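Structure data follow from entry-v6.cif (mmCIF, C-alpha atoms and all ligand atoms):
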```cif
data_entry
#
loop_
_atom_site.group_PDB
_atom_site.id
_atom_site.type_symbol
_atom_site.label_atom_id
_atom_site.label_comp_id
_atom_site.auth_asym_id
_atom_site.auth_seq_id
_atom_site.Cartn_x
_atom_site.Cartn_y
_atom_site.Cartn_z
ATOM 1 C CA MET A 1 -15.133 132.330 187.230
ATOM 2 C CA PRO A 2 -15.543 131.800 183.499
ATOM 3 C CA ARG A 3 -16.270 128.282 182.337
ATOM 4 C CA VAL A 4 -14.221 127.224 179.317
ATOM 5 C CA LYS A 5 -15.748 124.394 177.329
ATOM 6 C CA ILE A 6 -13.205 122.344 175.380
ATOM 7 C CA LEU A 7 -14.463 120.001 172.667
ATOM 8 C CA PHE A 8 -11.823 117.528 171.526
ATOM 9 C CA HIS A 9 -11.369 114.582 169.178
ATOM 10 C CA ASP A 10 -12.599 111.673 171.265
ATOM 11 C CA ASN A 11 -10.747 108.367 171.729
ATOM 12 C CA CYS A 12 -7.603 109.804 170.192
ATOM 13 C CA PHE A 13 -4.271 110.404 171.960
ATOM 14 C CA ASP A 14 -3.702 113.631 170.026
ATOM 15 C CA GLY A 15 -7.206 114.822 170.885
ATOM 16 C CA ALA A 16 -6.710 114.182 174.623
ATOM 17 C CA ALA A 17 -3.228 115.739 174.534
ATOM 18 C CA SER A 18 -4.547 118.813 172.693
ATOM 19 C CA ALA A 19 -7.395 119.250 175.199
ATOM 20 C CA SER A 20 -4.995 118.943 178.112
ATOM 21 C CA LEU A 21 -2.466 121.349 176.595
ATOM 22 C CA PHE A 22 -5.135 123.901 175.718
ATOM 23 C CA SER A 23 -6.405 124.003 179.303
ATOM 24 C CA ARG A 24 -2.863 124.637 180.642
ATOM 25 C CA PHE A 25 -2.229 127.256 178.008
ATOM 26 C CA TYR A 26 -5.496 129.020 178.753
ATOM 27 C CA ALA A 27 -4.946 129.019 182.506
ATOM 28 C CA SER A 28 -1.381 130.219 182.108
ATOM 29 C CA ARG A 29 -1.687 132.890 179.374
ATOM 30 C CA ILE A 30 -5.353 133.922 179.160
ATOM 31 C CA ASP A 31 -7.204 133.484 182.455
ATOM 32 C CA PRO A 32 -5.870 131.796 185.608
ATOM 33 C CA GLU A 33 -9.399 131.908 187.095
ATOM 34 C CA ALA A 34 -10.988 129.814 184.343
ATOM 35 C CA SER A 35 -12.635 126.481 185.045
ATOM 36 C CA PHE A 36 -12.749 123.817 182.353
ATOM 37 C CA ALA A 37 -15.319 121.400 181.005
ATOM 38 C CA PHE A 38 -14.414 118.787 178.379
ATOM 39 C CA SER A 39 -16.496 117.003 175.797
ATOM 40 C CA GLY A 40 -15.292 114.402 173.276
ATOM 41 C CA LYS A 41 -16.514 114.516 169.669
ATOM 42 C CA ALA A 42 -16.577 111.629 167.189
ATOM 43 C CA HIS A 43 -16.597 111.958 163.390
ATOM 44 C CA GLY A 44 -19.956 111.464 161.747
ATOM 45 C CA ALA A 45 -22.000 112.695 158.830
ATOM 46 C CA GLY A 46 -23.708 116.088 158.943
ATOM 47 C CA ASP A 47 -23.473 118.680 161.702
ATOM 48 C CA VAL A 48 -21.852 116.944 164.669
ATOM 49 C CA TYR A 49 -22.189 119.989 166.900
ATOM 50 C CA GLY A 50 -25.585 119.805 168.569
ATOM 51 C CA GLN A 51 -27.592 122.566 170.202
ATOM 52 C CA ASP A 52 -25.635 122.666 173.441
ATOM 53 C CA SER A 53 -22.102 122.017 172.114
ATOM 54 C CA PHE A 54 -20.991 125.605 172.634
ATOM 55 C CA ASP A 55 -22.564 126.293 176.001
ATOM 56 C CA GLY A 56 -19.416 127.506 177.812
ATOM 57 C CA ASP A 57 -18.675 131.150 178.574
ATOM 58 C CA VAL A 58 -15.753 130.510 176.241
ATOM 59 C CA ASN A 59 -15.806 127.645 173.725
ATOM 60 C CA ALA A 60 -12.865 125.848 172.146
ATOM 61 C CA VAL A 61 -12.507 122.993 169.658
ATOM 62 C CA VAL A 62 -9.192 121.127 169.411
ATOM 63 C CA ASP A 63 -8.190 118.426 166.919
ATOM 64 C CA PHE A 64 -11.693 118.448 165.490
ATOM 65 C CA ARG A 65 -13.658 120.069 162.699
ATOM 66 C CA TYR A 66 -14.601 123.706 162.274
ATOM 67 C CA SER A 67 -17.905 125.306 163.086
ATOM 68 C CA SER A 68 -19.080 128.710 161.878
ATOM 69 C CA ASN A 69 -21.107 129.042 165.076
ATOM 70 C CA PRO A 70 -20.279 132.514 166.459
ATOM 71 C CA ARG A 71 -20.028 131.035 169.962
ATOM 72 C CA LEU A 72 -16.902 129.096 168.930
ATOM 73 C CA GLU A 73 -13.940 131.300 169.875
ATOM 74 C CA TRP A 74 -10.868 129.032 169.880
ATOM 75 C CA TRP A 75 -10.189 126.473 167.178
ATOM 76 C CA PHE A 76 -7.075 124.410 166.461
ATOM 77 C CA ASP A 77 -7.184 121.674 163.851
ATOM 78 C CA HIS A 78 -4.990 119.872 161.365
ATOM 79 C CA HIS A 79 -7.477 117.500 159.735
ATOM 80 C CA VAL A 80 -7.558 117.878 155.952
ATOM 81 C CA SER A 81 -11.312 117.395 156.225
ATOM 82 C CA GLY A 82 -11.462 120.132 158.896
ATOM 83 C CA PHE A 83 -14.232 121.960 157.045
ATOM 84 C CA PRO A 84 -17.475 119.975 156.852
ATOM 85 C CA THR A 85 -18.736 122.071 153.915
ATOM 86 C CA PRO A 86 -17.271 124.535 151.368
ATOM 87 C CA ALA A 87 -19.473 127.190 153.026
ATOM 88 C CA ASP A 88 -17.686 126.549 156.333
ATOM 89 C CA GLU A 89 -14.299 126.943 154.683
ATOM 90 C CA ALA A 90 -15.421 130.158 152.963
ATOM 91 C CA HIS A 91 -16.667 131.450 156.328
ATOM 92 C CA PHE A 92 -13.295 130.747 157.968
ATOM 93 C CA ARG A 93 -11.243 132.272 155.138
ATOM 94 C CA LYS A 94 -13.407 135.361 154.730
ATOM 95 C CA GLU A 95 -13.329 136.532 158.317
ATOM 96 C CA PRO A 96 -10.652 134.624 160.171
ATOM 97 C CA ARG A 97 -11.312 135.057 163.846
ATOM 98 C CA PRO A 98 -8.203 135.872 165.891
ATOM 99 C CA HIS A 99 -8.162 132.680 167.958
ATOM 100 C CA GLN A 100 -8.785 130.163 165.205
ATOM 101 C CA PHE A 101 -5.895 128.241 163.687
ATOM 102 C CA TYR A 102 -5.776 125.605 160.982
ATOM 103 C CA ASP A 103 -2.845 123.829 159.356
ATOM 104 C CA PRO A 104 -3.622 120.658 157.396
ATOM 105 C CA LYS A 105 0.134 120.078 157.007
ATOM 106 C CA ALA A 106 0.691 119.743 160.764
ATOM 107 C CA ARG A 107 1.344 116.139 161.821
ATOM 108 C CA SER A 108 -0.456 116.525 165.134
ATOM 109 C CA CYS A 109 -2.829 119.046 166.622
ATOM 110 C CA ALA A 110 -0.921 118.910 169.923
ATOM 111 C CA LYS A 111 2.330 120.177 168.412
ATOM 112 C CA PHE A 112 0.531 122.670 166.169
ATOM 113 C CA LEU A 113 -1.348 124.044 169.175
ATOM 114 C CA ALA A 114 1.755 124.172 171.404
ATOM 115 C CA GLU A 115 3.856 125.935 168.776
ATOM 116 C CA THR A 116 1.075 128.334 167.798
ATOM 117 C CA CYS A 117 0.454 129.294 171.431
ATOM 118 C CA ALA A 118 4.194 129.681 172.041
ATOM 119 C CA ARG A 119 4.587 131.946 169.015
ATOM 120 C CA THR A 120 1.370 133.944 169.297
ATOM 121 C CA PHE A 121 0.845 134.168 173.048
ATOM 122 C CA GLY A 122 4.332 133.635 174.476
ATOM 123 C CA TRP A 123 3.375 130.330 176.104
ATOM 124 C CA ASP A 124 6.219 128.179 177.417
ATOM 125 C CA TYR A 125 5.231 124.571 176.727
ATOM 126 C CA SER A 126 8.594 123.064 177.677
ATOM 127 C CA PRO A 127 7.121 121.332 180.789
ATOM 128 C CA TYR A 128 4.955 119.346 178.335
ATOM 129 C CA ALA A 129 7.597 118.646 175.713
ATOM 130 C CA GLU A 130 7.450 114.878 176.227
ATOM 131 C CA LEU A 131 3.680 114.847 175.705
ATOM 132 C CA VAL A 132 3.916 117.031 172.607
ATOM 133 C CA ARG A 133 6.675 114.858 171.142
ATOM 134 C CA TRP A 134 4.705 111.644 171.647
ATOM 135 C CA ALA A 135 1.417 113.064 170.384
ATOM 136 C CA ASP A 136 3.262 114.135 167.251
ATOM 137 C CA LEU A 137 4.898 110.722 166.818
ATOM 138 C CA ILE A 138 1.598 108.937 167.385
ATOM 139 C CA ASP A 139 -0.652 111.126 165.225
ATOM 140 C CA GLY A 140 1.970 111.253 162.494
ATOM 141 C CA ALA A 141 2.376 107.463 162.829
ATOM 142 C CA GLN A 142 6.128 107.958 163.065
ATOM 143 C CA PHE A 143 6.879 104.750 164.930
ATOM 144 C CA GLU A 144 10.242 103.266 164.280
ATOM 145 C CA SER A 145 8.710 99.984 163.085
ATOM 146 C CA PRO A 146 5.389 98.143 162.767
ATOM 147 C CA ARG A 147 6.671 95.982 165.609
ATOM 148 C CA ALA A 148 6.988 99.015 167.962
ATOM 149 C CA ALA A 149 3.474 100.085 166.976
ATOM 150 C CA VAL A 150 1.935 96.655 167.513
ATOM 151 C CA GLU A 151 3.919 95.206 170.416
ATOM 152 C CA LEU A 152 3.344 98.425 172.455
ATOM 153 C CA ALA A 153 6.328 98.302 174.790
ATOM 154 C CA GLU A 154 6.478 102.130 175.154
ATOM 155 C CA PRO A 155 4.310 103.691 177.919
ATOM 156 C CA ALA A 156 3.045 106.365 175.505
ATOM 157 C CA LEU A 157 1.834 103.671 173.117
ATOM 158 C CA GLN A 158 0.100 101.831 175.947
ATOM 159 C CA LEU A 159 -1.670 105.097 176.833
ATOM 160 C CA MET A 160 -2.581 105.590 173.174
ATOM 161 C CA THR A 161 -4.210 102.146 173.227
ATOM 162 C CA TRP A 162 -5.999 102.904 176.474
ATOM 163 C CA VAL A 163 -7.449 106.186 175.215
ATOM 164 C CA GLU A 164 -8.640 104.611 171.962
ATOM 165 C CA ASN A 165 -10.564 102.044 173.979
ATOM 166 C CA ASN A 166 -11.810 103.982 176.990
ATOM 167 C CA HIS A 167 -15.472 105.017 177.037
ATOM 168 C CA GLU A 168 -15.767 106.079 180.679
ATOM 169 C CA ASP A 169 -16.248 109.819 180.788
ATOM 170 C CA ASP A 170 -14.860 110.355 184.284
ATOM 171 C CA LEU A 171 -11.660 108.519 183.342
ATOM 172 C CA LYS A 172 -11.326 110.592 180.155
ATOM 173 C CA LEU A 173 -11.295 113.701 182.323
ATOM 174 C CA ARG A 174 -8.838 112.249 184.794
ATOM 175 C CA PHE A 175 -6.562 111.195 181.928
ATOM 176 C CA ILE A 176 -6.715 114.623 180.253
ATOM 177 C CA ASP A 177 -5.817 116.250 183.556
ATOM 178 C CA GLU A 178 -2.914 113.888 184.273
ATOM 179 C CA LEU A 179 -1.396 114.104 180.793
ATOM 180 C CA THR A 180 0.033 117.536 181.611
ATOM 181 C CA ARG A 181 0.764 116.869 185.286
ATOM 182 C CA ARG A 182 2.761 113.638 185.316
ATOM 183 C CA PRO A 183 5.296 111.752 183.198
ATOM 184 C CA LEU A 184 3.669 109.327 180.742
ATOM 185 C CA ALA A 185 5.510 106.333 182.253
ATOM 186 C CA GLU A 186 3.948 107.112 185.636
ATOM 187 C CA ILE A 187 0.414 107.451 184.239
ATOM 188 C CA ALA A 188 0.861 104.122 182.448
ATOM 189 C CA GLU A 189 1.419 102.450 185.837
ATOM 190 C CA GLU A 190 -1.779 103.809 187.394
ATOM 191 C CA PRO A 191 -4.215 101.044 188.370
ATOM 192 C CA TYR A 192 -7.062 102.636 186.354
ATOM 193 C CA ILE A 193 -4.897 102.351 183.250
ATOM 194 C CA VAL A 194 -3.334 98.942 183.965
ATOM 195 C CA SER A 195 -6.618 97.266 184.957
ATOM 196 C CA ALA A 196 -8.325 98.481 181.783
ATOM 197 C CA LEU A 197 -5.308 97.761 179.580
ATOM 198 C CA THR A 198 -4.723 94.154 180.592
ATOM 199 C CA PRO A 199 -7.866 92.804 178.894
ATOM 200 C CA ILE A 200 -7.395 95.273 176.011
ATOM 201 C CA LEU A 201 -3.888 93.940 175.352
ATOM 202 C CA GLU A 202 -5.257 90.383 175.490
ATOM 203 C CA ARG A 203 -7.912 91.348 172.940
ATOM 204 C CA HIS A 204 -5.240 93.144 170.948
ATOM 205 C CA LYS A 205 -3.320 89.863 170.659
ATOM 206 C CA GLY A 206 -6.554 88.180 169.642
ATOM 207 C CA SER A 207 -7.267 90.800 166.972
ATOM 208 C CA VAL A 208 -3.788 90.274 165.500
ATOM 209 C CA GLY A 209 -4.850 86.641 165.023
ATOM 210 C CA VAL A 210 -8.254 87.562 163.536
ATOM 211 C CA ILE A 211 -6.799 90.054 161.074
ATOM 212 C CA ARG A 212 -4.095 87.567 160.111
ATOM 213 C CA ALA A 213 -6.867 85.060 159.314
ATOM 214 C CA ARG A 214 -9.080 87.534 157.380
ATOM 215 C CA ALA A 215 -6.513 89.617 155.533
ATOM 216 C CA ARG A 216 -6.015 89.180 151.831
ATOM 217 C CA TYR A 217 -3.052 90.744 150.087
ATOM 218 C CA GLU A 218 -3.389 91.527 146.413
ATOM 219 C CA SER A 219 -1.512 93.929 144.145
ATOM 220 C CA GLY A 220 -0.165 96.060 146.963
ATOM 221 C CA VAL A 221 -3.409 96.333 148.958
ATOM 222 C CA VAL A 222 -4.419 94.424 152.074
ATOM 223 C CA ASP A 223 -8.146 94.138 152.574
ATOM 224 C CA PHE A 224 -10.006 92.479 155.385
ATOM 225 C CA ASP A 225 -13.483 92.302 156.866
ATOM 226 C CA VAL A 226 -13.743 91.669 160.592
ATOM 227 C CA SER A 227 -17.377 92.782 160.895
ATOM 228 C CA GLY A 228 -18.416 89.232 161.739
ATOM 229 C CA ASP A 229 -15.657 88.620 164.263
ATOM 230 C CA GLY A 230 -16.658 90.954 167.084
ATOM 231 C CA VAL A 231 -13.467 92.950 166.511
ATOM 232 C CA ASP A 232 -14.752 96.531 166.460
ATOM 233 C CA ILE A 233 -11.618 98.363 167.574
ATOM 234 C CA TYR A 234 -8.151 97.257 166.596
ATOM 235 C CA ASN A 235 -4.679 98.730 166.391
ATOM 236 C CA LYS A 236 -4.463 100.236 162.922
ATOM 237 C CA PHE A 237 -0.848 99.112 162.455
ATOM 238 C CA ILE A 238 -1.580 95.387 162.683
ATOM 239 C CA PRO A 239 -1.951 95.021 158.886
ATOM 240 C CA TYR A 240 1.493 96.594 158.362
ATOM 241 C CA TYR A 241 2.976 94.312 161.016
ATOM 242 C CA LEU A 242 1.548 91.343 159.109
ATOM 243 C CA PHE A 243 2.312 92.715 155.614
ATOM 244 C CA PRO A 244 5.287 95.095 155.961
ATOM 245 C CA ASP A 245 5.575 95.440 152.190
ATOM 246 C CA CYS A 246 1.985 96.530 151.454
ATOM 247 C CA HIS A 247 1.057 99.939 150.025
ATOM 248 C CA TYR A 248 -2.512 100.371 151.334
ATOM 249 C CA VAL A 249 -4.952 98.797 153.778
ATOM 250 C CA VAL A 250 -8.759 98.750 153.606
ATOM 251 C CA GLY A 251 -10.680 97.231 156.528
ATOM 252 C CA VAL A 252 -14.352 96.782 157.362
ATOM 253 C CA SER A 253 -15.480 96.574 160.969
ATOM 254 C CA LEU A 254 -18.733 96.808 162.876
ATOM 255 C CA SER A 255 -19.298 98.357 166.300
ATOM 256 C CA LYS A 256 -22.501 98.956 168.265
ATOM 257 C CA THR A 257 -22.816 102.409 166.722
ATOM 258 C CA ARG A 258 -21.403 102.195 163.221
ATOM 259 C CA ALA A 259 -20.208 100.179 160.272
ATOM 260 C CA LYS A 260 -16.774 101.503 159.422
ATOM 261 C CA VAL A 261 -14.431 101.383 156.474
ATOM 262 C CA SER A 262 -10.891 102.211 157.598
ATOM 263 C CA VAL A 263 -8.364 103.173 154.952
ATOM 264 C CA GLY A 264 -4.631 103.649 155.411
ATOM 265 C CA SER A 265 -1.321 103.796 153.610
ATOM 266 C CA ASN A 266 1.948 102.243 154.754
ATOM 267 C CA PRO A 267 3.642 104.716 157.160
ATOM 268 C CA TRP A 268 7.011 103.005 156.694
ATOM 269 C CA ARG A 269 6.938 103.459 152.916
ATOM 270 C CA PRO A 270 6.085 107.163 152.564
ATOM 271 C CA GLU A 271 7.345 107.325 148.967
ATOM 272 C CA ARG A 272 4.437 105.101 147.975
ATOM 273 C CA ARG A 273 1.672 107.244 149.415
ATOM 274 C CA THR A 274 0.413 108.776 146.164
ATOM 275 C CA ALA A 275 -3.348 108.362 146.707
ATOM 276 C CA ASN A 276 -5.190 111.079 148.657
ATOM 277 C CA ILE A 277 -7.172 109.001 151.134
ATOM 278 C CA ALA A 278 -9.049 111.964 152.656
ATOM 279 C CA GLN A 279 -10.406 112.820 149.212
ATOM 280 C CA ILE A 280 -11.365 109.219 148.486
ATOM 281 C CA CYS A 281 -13.177 108.888 151.828
ATOM 282 C CA GLU A 282 -14.896 112.256 151.408
ATOM 283 C CA ARG A 283 -16.491 110.966 148.221
ATOM 284 C CA TYR A 284 -18.260 108.364 150.370
ATOM 285 C CA GLY A 285 -19.180 110.811 153.150
ATOM 286 C CA GLY A 286 -16.099 110.114 155.279
ATOM 287 C CA GLY A 287 -12.887 112.005 155.850
ATOM 288 C CA GLY A 288 -9.440 112.062 157.425
ATOM 289 C CA HIS A 289 -5.922 112.865 156.284
ATOM 290 C CA PRO A 290 -4.233 112.307 152.904
ATOM 291 C CA VAL A 291 -2.559 109.191 154.334
ATOM 292 C CA VAL A 292 -5.308 107.733 156.522
ATOM 293 C CA GLY A 293 -9.066 108.090 156.654
ATOM 294 C CA ALA A 294 -12.383 106.398 157.289
ATOM 295 C CA VAL A 295 -15.982 106.194 156.174
ATOM 296 C CA SER A 296 -18.529 105.667 158.943
ATOM 297 C CA LEU A 297 -22.000 104.382 158.128
ATOM 298 C CA ARG A 298 -24.941 103.269 160.197
ATOM 299 C CA THR A 299 -24.851 99.719 161.535
ATOM 300 C CA ASP A 300 -27.724 98.763 159.194
ATOM 301 C CA GLU A 301 -25.575 99.890 156.240
ATOM 302 C CA LEU A 302 -22.955 97.164 156.710
ATOM 303 C CA GLU A 303 -23.508 95.792 153.210
ATOM 304 C CA ARG A 304 -22.968 99.283 151.811
ATOM 305 C CA ALA A 305 -19.751 99.549 153.876
ATOM 306 C CA LYS A 306 -18.501 96.326 152.268
ATOM 307 C CA GLU A 307 -19.270 97.700 148.804
ATOM 308 C CA VAL A 308 -17.497 100.963 149.577
ATOM 309 C CA ALA A 309 -14.466 99.035 150.856
ATOM 310 C CA GLY A 310 -14.396 96.976 147.670
ATOM 311 C CA GLU A 311 -14.508 100.079 145.474
ATOM 312 C CA ILE A 312 -11.799 101.827 147.473
ATOM 313 C CA ALA A 313 -9.570 98.732 147.345
ATOM 314 C CA VAL A 314 -9.880 98.655 143.539
ATOM 315 C CA GLU A 315 -8.965 102.324 143.341
ATOM 316 C CA LEU A 316 -5.966 101.862 145.636
ATOM 317 C CA ARG A 317 -4.693 98.839 143.685
ATOM 318 C CA ARG A 318 -4.656 101.082 140.667
ATOM 319 C CA ALA A 319 -2.650 103.680 142.626
ATOM 320 C CA ALA A 320 -0.268 101.008 143.974
ATOM 321 C CA ALA A 321 0.481 99.803 140.459
ATOM 322 C CA GLY A 322 2.093 103.163 139.707
ATOM 323 C CA GLU A 323 4.161 103.334 142.912
ATOM 324 C CA PRO A 324 7.713 102.182 143.629
HETATM 325 MN MN MN A 401 -4.979 114.822 165.469
#
```
Starting from the file, give its structure as structure tokens.
Ligand SMILES: [Mn+2]
Amino acid sequence: MPRVKILFHDNCFDGAASASLFSRFYASRIDPEASFAFSGKAHGAGDVYGQDSFDGDVNAVVDFRYSSNPRLEWWFDHHVSGFPTPADEAHFRKEPRPHQFYDPKARSCAKFLAETCARTFGWDYSPYAELVRWADLIDGAQFESPRAAVELAEPALQLMTWVENNHEDDLKLRFIDELTRRPLAEIAEEPYIVSALTPILERHKGSVGVIRARARYESGVVDFDVSGDGVDIYNKFIPYYLFPDCHYVVGVSLSKTRAKVSVGSNPWRPERRTANIAQICERYGGGGHPVVGAVSLRTDELERAKEVAGEIAVELRRAAAGEP
């Protein structure tokens, strides 16, 4: 039985949803005998696909960057920075392989993948419509309000928070499997989710307090540095909850593995999003989407991260000055 290796965007609801959907699609339309292996990928500089990334009989990447490796057969992505190098993009455009799909205008990979597989391979994804809808809302940051995004009353948003925080590989696999087997509200009540979420939600409340204390609002841009506060992961909507009128947000944080500059624009004021954040972050070796992106550096480059954040904040204040 062929082993299908699925590489997906790690610690991301859309990445987990895309991985789950791809496995159901593959089993239903391509090969019911296939077995699946999953591996999460995190953004970083250089070639993130190591020697043994594509060691399945069939290899797929969902919600993550392209590789020209001939062993990569299936690819679905919507990241604007989906091509690590111009040579990669040229490779993709010159000889598009039949199972590789890219649309930087898609709000989520999950919906892009579901619709592409429905159109191209006659896949019926209606049993997973709820998952697709939520992945699209979450990845497109289409929450009805900053309050909904920060207070996390919806089961899907609790699961989003869980997946962003979970680092246990066996639970990642269980979660990916359950996403397309059970309603989201039921998964959110599972003890493995609830027990992990309770302290996360406590910390979440704490990080709202830390960001409130560190954030500085000036000329349309909120900037904050929580690298000294032990807050390495936080809900990216907190700054908009605290400053609903801001245009852009630039944050610096420090985890065990990286110093990170996170950059975003106000999802509830789309008419103001004139700066291309992916392009700005790419200039510093990072990437993302036009409306949200990040620059990841080594932990010993924290001072550099602070400098980068300062430069980006200046640039975004200039952009904000010209926005409604
Ligand atoms: Mn995505």
Within 10 Å of ligand MN 401 (chain A), counting all atoms listed in the file, which protein or nucleic acid residues do you find, written as JSON, numbers by chain? {"A": [8, 9, 12, 13, 14, 15, 16, 17, 18, 62, 63, 64, 76, 77, 78, 79, 106, 107, 108, 109, 110, 111, 112, 135, 136, 138, 139, 140, 288, 289]}
Target residues per the PyMOL selection byres (((chain A and resi 187) around 12) and not hetatm), formatted as an MDAnalysis selection string: chainID A and resid 131 155:160 162 174:186 188:194
Keeping C-alpha atoms for every residue in the selection just given, could you write it to a file as a CSV table (one decimal), in the frame of the given file?
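File produced: part31.csv:
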```csv
chain,number,residue,atom,x,y,z
A,131,LEU,CA,3.7,114.8,175.7
A,155,PRO,CA,4.3,103.7,177.9
A,156,ALA,CA,3.0,106.4,175.5
A,157,LEU,CA,1.8,103.7,173.1
A,158,GLN,CA,0.1,101.8,175.9
A,159,LEU,CA,-1.7,105.1,176.8
A,160,MET,CA,-2.6,105.6,173.2
A,162,TRP,CA,-6.0,102.9,176.5
A,174,ARG,CA,-8.8,112.2,184.8
A,175,PHE,CA,-6.6,111.2,181.9
A,176,ILE,CA,-6.7,114.6,180.3
A,177,ASP,CA,-5.8,116.2,183.6
A,178,GLU,CA,-2.9,113.9,184.3
A,179,LEU,CA,-1.4,114.1,180.8
A,180,THR,CA,0.0,117.5,181.6
A,181,ARG,CA,0.8,116.9,185.3
A,182,ARG,CA,2.8,113.6,185.3
A,183,PRO,CA,5.3,111.8,183.2
A,184,LEU,CA,3.7,109.3,180.7
A,185,ALA,CA,5.5,106.3,182.3
A,186,GLU,CA,3.9,107.1,185.6
A,188,ALA,CA,0.9,104.1,182.4
A,189,GLU,CA,1.4,102.4,185.8
A,190,GLU,CA,-1.8,103.8,187.4
A,191,PRO,CA,-4.2,101.0,188.4
A,192,TYR,CA,-7.1,102.6,186.4
A,193,ILE,CA,-4.9,102.4,183.2
A,194,VAL,CA,-3.3,98.9,184.0
```
Using all atoms listed in the file, pick whichever of A:Tyr125, A:His167, A:Gly322, A:Ala42 has the shortest atom-to-atom distance to Arg258 (chain A). A:Ala42
Any chance you could resolve the PyMOL selection byres (((chain A and resi 307) around 12) and not hetatm) against this file and give the residues as a ChimeraX atom specification? /A:225,250-252,259-261,284,295,297,301-306,308-314
Could you take the residues named above and write them with C-alpha atoms, as a PDB file, in the frame of the given file?
```
ATOM      1  CA  ASP A 225     -13.483  92.302 156.866  1.00  0.00           C
ATOM      2  CA  VAL A 250      -8.759  98.750 153.606  1.00  0.00           C
ATOM      3  CA  GLY A 251     -10.680  97.231 156.528  1.00  0.00           C
ATOM      4  CA  VAL A 252     -14.352  96.782 157.362  1.00  0.00           C
ATOM      5  CA  ALA A 259     -20.208 100.179 160.272  1.00  0.00           C
ATOM      6  CA  LYS A 260     -16.774 101.503 159.422  1.00  0.00           C
ATOM      7  CA  VAL A 261     -14.431 101.383 156.474  1.00  0.00           C
ATOM      8  CA  TYR A 284     -18.260 108.364 150.370  1.00  0.00           C
ATOM      9  CA  VAL A 295     -15.982 106.194 156.174  1.00  0.00           C
ATOM     10  CA  LEU A 297     -22.000 104.382 158.128  1.00  0.00           C
ATOM     11  CA  GLU A 301     -25.575  99.890 156.240  1.00  0.00           C
ATOM     12  CA  LEU A 302     -22.955  97.164 156.710  1.00  0.00           C
ATOM     13  CA  GLU A 303     -23.508  95.792 153.210  1.00  0.00           C
ATOM     14  CA  ARG A 304     -22.968  99.283 151.811  1.00  0.00           C
ATOM     15  CA  ALA A 305     -19.751  99.549 153.876  1.00  0.00           C
ATOM     16  CA  LYS A 306     -18.501  96.326 152.268  1.00  0.00           C
ATOM     17  CA  VAL A 308     -17.497 100.963 149.577  1.00  0.00           C
ATOM     18  CA  ALA A 309     -14.466  99.035 150.856  1.00  0.00           C
ATOM     19  CA  GLY A 310     -14.396  96.976 147.670  1.00  0.00           C
ATOM     20  CA  GLU A 311     -14.508 100.079 145.474  1.00  0.00           C
ATOM     21  CA  ILE A 312     -11.799 101.827 147.473  1.00  0.00           C
ATOM     22  CA  ALA A 313      -9.570  98.732 147.345  1.00  0.00           C
ATOM     23  CA  VAL A 314      -9.880  98.655 143.539  1.00  0.00           C
TER      24      VAL A 314
END
```
Test item: the PyMOL selection byres (((chain A and resi 36) around 6) and not hetatm) resolved as a short mmCIF file (atom, residue, chain, number, x, y, z; two decimals) with C-alpha atoms, in the coordinates of the input:
```cif
data_model
loop_
_atom_site.label_atom_id
_atom_site.label_comp_id
_atom_site.auth_asym_id
_atom_site.auth_seq_id
_atom_site.Cartn_x
_atom_site.Cartn_y
_atom_site.Cartn_z
CA ARG A 3 -16.27 128.28 182.34
CA VAL A 4 -14.22 127.22 179.32
CA LYS A 5 -15.75 124.39 177.33
CA SER A 35 -12.64 126.48 185.04
CA ALA A 37 -15.32 121.40 181.00
#
```
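Between CA of Leu72 (chain A) and CA of Asn59 (chain A) lies a distance of 5.1 Å.
In terms of minimum interatomic distance to Glu144 (chain A), A:Arg269 ranks closest within A:Arg317, A:Arg269, A:Arg24, A:Arg203, counting all atoms listed in the file.
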Taking (-8.7, 134.8, 168.1) in the coordinates of the supplied file, I want to know which residues reach to within 7 Å of it, counting all atoms listed in the file; could you give the answer as a PyMOL selection string? chain A and resi 73-74+97-100
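Going from CA of Asn165 (chain A) over to CA of Pro104 (chain A), you cover 25.9 Å.
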Just the residues within 12 Å of Ala27 (chain A), please, counting only C-alpha atoms, with nothing from its chain fewer than 4 positions along; format it as a ChimeraX atom specification. /A:1-4,20-23,31-36,123
Exercise on region 189-205 of chain A, axis-aligned box with 8 Å per side, report centre and edge lengths in Å to one decimal, as JSON:
```
{"center_x": -3.5, "center_y": 96.8, "center_z": 179.5, "size_x": 25.7, "size_y": 29.9, "size_z": 33.7}
```
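Separating CA of Ala213 (chain A) from CA of Ile233 (chain A) is a distance of 16.4 Å.
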Contact residues around Asp229 (chain A) with all atoms listed in the file at 9 Å, ignoring same-chain residues under 6 positions, as a PDB file with C-alpha atoms, keeping the file's coordinate frame:
```
ATOM      1  CA  VAL A 210      -8.254  87.562 163.536  1.00  0.00           C
ATOM      2  CA  SER A 253     -15.480  96.574 160.969  1.00  0.00           C
ATOM      3  CA  LEU A 254     -18.733  96.808 162.876  1.00  0.00           C
TER       4      LEU A 254
END
```
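Considering the residues A:Leu7, A:Leu173, A:Ile277, A:Ala148 and counting only C-alpha atoms, Gly50 (chain A) has its shortest atom-to-atom contact with A:Leu7.
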